[in-house]
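Colleague: Next up is a structure, given as structure tokens.
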Amino acid sequence: MSLAEIQNRIARAETAAGRAPGSVKLIAVSKVQPDERVEAVLEQGHRIFGENRVQEAAGKWPRFRERYDGIELHLIGPLQTNKARQAMELAQAIHSLDRPKLARTLARLAQETGACPDLFIQVNTGEEEQKAGILPAEADAFVEECRGLDLPVRGLMCIPPVDEEPSLHFALLAKIAARNGLDGLSMGMSGDFERAIAQGATHVRVGSAIFGERETV
Ligand SMILES: *Cc1c(COP(=O)(O)O)cnc(C)c1O
């Protein structure tokens, strides 16, 4: 697969869903990918990338930023509070706001620095024990809590259970977002981004379909 093919598939899915062209943002998930693959995508003009580890992002993106303008970095993986400051310096968006303690830490740092990346609250739509995220039943209260802390919450994010139809989870996330007046929906990966767009995704996070399979680490 290639970047152009994924962009075409996104455009077709937007049209099929009656959505405006360009209404879905493609986050190219570059975690664990070798630099030359990332560079090939940068050379094609793409500037929006996702990483799931702060450490890895910090080792990679300052270098690319010296050579390419306008890079927008999205942090999509679990965030420890002791890495929050570094994450806020590196990323334009954080998609893994998943607990009150992290919300309080981000709020304190935002006060201190006067800046905060766009935030997405991660919802554990499948209520999976091993998965991060706010439970659906607690999402409304958590959105409220984050707003009370003056955090720039732009939307919600989910990672559906691997063995279930993702569309049901995307629809649930969209419903929770709508009743909380949130526009952003970060949902859909390589295997299901078209279904996510059909359910209203505004941000799709696509890795292997663009870059190829990841080497396991
Ligand atoms: C790795 C990852 C993706 C991309 O997964 P692909 O299946 O390679 O597209 C999307 N979202 C999150 C949170 C990830 O960790």
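The chains in the structure tokens are called A, B, ... from first to last as shown; in each chain the residues are counted from 1, and the ligands are counted from 1 in the order shown.
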Within 9 Å of ligand 1 (counting only C-alpha atoms and all ligand atoms), which residues show up? I'd like them as a PyMOL selection string.
Modeller: chain A and resi 27-31+50-52+75-78+95-96+157-159+186-193+204-214
Colleague: DSSP on the backbone, then: every residue of region 14-217 of chain A marked alpha helix (DSSP H), written as number ranges by chain.
Modeller: A: 14-16, 35-43, 54-67, 84-90, 100-113, 136-148, 166-179, 193-198, 208-211
Colleague: Can you pull out the residues contacting Glu43 (chain A)? Cut-off 12 Å, using only C-alpha atoms, and skip same-chain residues under 2 positions away; I want them as an mmCIF file with N, CA, C and O atoms, in the first residue's frame.
Modeller:
data_model
loop_
_atom_site.group_PDB
_atom_site.id
_atom_site.type_symbol
_atom_site.label_atom_id
_atom_site.label_comp_id
_atom_site.auth_asym_id
_atom_site.auth_seq_id
_atom_site.Cartn_x
_atom_site.Cartn_y
_atom_site.Cartn_z
ATOM 1 N N LEU A 3 1.029 5.821 0.468
ATOM 2 C CA LEU A 3 0.356 7.002 0.990
ATOM 3 C C LEU A 3 -0.767 7.446 0.050
ATOM 4 O O LEU A 3 -1.889 7.698 0.484
ATOM 5 N N ASP A 35 13.759 5.040 9.679
ATOM 6 C CA ASP A 35 13.778 6.428 9.220
ATOM 7 C C ASP A 35 13.549 6.574 7.725
ATOM 8 O O ASP A 35 12.879 7.505 7.283
ATOM 9 N N GLU A 36 14.101 5.656 6.933
ATOM 10 C CA GLU A 36 13.975 5.863 5.485
ATOM 11 C C GLU A 36 12.527 5.740 5.014
ATOM 12 O O GLU A 36 12.117 6.418 4.087
ATOM 13 N N ARG A 37 11.736 4.915 5.692
ATOM 14 C CA ARG A 37 10.317 4.838 5.315
ATOM 15 C C ARG A 37 9.584 6.122 5.703
ATOM 16 O O ARG A 37 8.708 6.606 4.982
ATOM 17 N N VAL A 38 9.920 6.663 6.863
ATOM 18 C CA VAL A 38 9.289 7.905 7.316
ATOM 19 C C VAL A 38 9.673 9.039 6.374
ATOM 20 O O VAL A 38 8.842 9.854 5.960
ATOM 21 N N GLU A 39 10.937 9.046 6.019
ATOM 22 C CA GLU A 39 11.429 10.081 5.128
ATOM 23 C C GLU A 39 10.757 10.031 3.761
ATOM 24 O O GLU A 39 10.452 11.067 3.170
ATOM 25 N N ALA A 40 10.497 8.833 3.273
ATOM 26 C CA ALA A 40 9.821 8.701 1.973
ATOM 27 C C ALA A 40 8.449 9.360 2.026
ATOM 28 O O ALA A 40 8.023 10.015 1.066
ATOM 29 N N VAL A 41 7.758 9.211 3.146
ATOM 30 C CA VAL A 41 6.423 9.804 3.290
ATOM 31 C C VAL A 41 6.529 11.332 3.442
ATOM 32 O O VAL A 41 5.727 12.085 2.880
ATOM 33 N N GLY A 45 5.343 14.838 0.833
ATOM 34 C CA GLY A 45 4.630 16.035 1.258
ATOM 35 C C GLY A 45 3.741 15.860 2.469
ATOM 36 O O GLY A 45 3.112 16.819 2.914
ATOM 37 N N HIS A 46 3.666 14.643 2.996
ATOM 38 C CA HIS A 46 2.809 14.450 4.167
ATOM 39 C C HIS A 46 3.484 15.020 5.411
ATOM 40 O O HIS A 46 4.699 14.938 5.544
ATOM 41 N N ARG A 47 2.681 15.629 6.306
ATOM 42 C CA ARG A 47 3.274 16.286 7.468
ATOM 43 C C ARG A 47 2.631 15.891 8.794
ATOM 44 O O ARG A 47 3.030 16.387 9.842
ATOM 45 N N PHE A 64 13.915 15.322 12.247
ATOM 46 C CA PHE A 64 13.126 15.559 11.027
ATOM 47 C C PHE A 64 12.655 17.016 10.941
ATOM 48 O O PHE A 64 12.564 17.587 9.856
ATOM 49 N N ARG A 67 14.718 19.459 9.158
ATOM 50 C CA ARG A 67 14.782 19.351 7.698
ATOM 51 C C ARG A 67 13.458 19.564 6.985
ATOM 52 O O ARG A 67 13.431 19.812 5.778
ATOM 53 N N TYR A 68 12.358 19.414 7.708
ATOM 54 C CA TYR A 68 11.040 19.577 7.061
ATOM 55 C C TYR A 68 10.187 20.529 7.890
ATOM 56 O O TYR A 68 10.078 20.368 9.106
ATOM 57 N N ASP A 69 9.571 21.491 7.237
ATOM 58 C CA ASP A 69 8.705 22.445 7.928
ATOM 59 C C ASP A 69 7.293 21.887 8.097
ATOM 60 O O ASP A 69 6.848 21.072 7.307
#
Colleague: For the contact check between region 60-119 of chain A and region 123-146 of chain A, emit one row per residue of region 60-119 of chain A within 8 Å, containing the shortest atom pair and the distance in Å rounded to one decimal, counting only C-alpha atoms, chain then rising number order, as CSV.
Modeller:
residue,atom,partner,partner_atom,distance
A:Pro78,CA,A:Ala132,CA,7.4
A:Ser96,CA,A:Gly133,CA,7.6
A:Leu97,CA,A:Gly133,CA,7.7
A:Asp98,CA,A:Gly133,CA,4.6
A:Arg99,CA,A:Ile134,CA,6.7
A:Pro100,CA,A:Phe142,CA,7.5
A:Ala103,CA,A:Cys146,CA,6.4
Colleague: What does the file look like for those residues with C-alpha atoms, as a compact mmCIF listing (two decimals), in the first residue's frame?
Modeller:
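What landed in part38.txt:
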# COMPACT_ATOMS: atom_id res chain seq x y z
CA PRO A 78 -0.30 5.64 26.81
CA SER A 96 -4.52 9.31 25.18
CA LEU A 97 -5.96 11.43 27.97
CA ASP A 98 -7.28 8.49 29.93
CA ARG A 99 -7.38 9.28 33.65
CA PRO A 100 -7.95 12.10 36.16
CA ALA A 103 -5.69 15.49 33.36
Colleague: Report the residues of region 29-100 of chain A whose backbone DSSP state falls under strand (DSSP E), written as a list in words.
Modeller: Val29, Ile48, Phe49, Gly50, Glu51, Glu72, Leu73, His74, Leu75, Ala93, Ile94, His95, Ser96 and Leu97 of chain A
Colleague: Determine the nearest neighbour of Lys60 (chain A) from the options A:Ile10, A:Leu173, A:Val32, A:Ile48, counting only C-alpha atoms.
Modeller: A:Val32
Colleague: For CA of Ala110 (chain A) and CA of Ile176 (chain A), quote the distance in Å rounded to one decimal.
Modeller: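 Those two atoms sit 25.6 Å apart.
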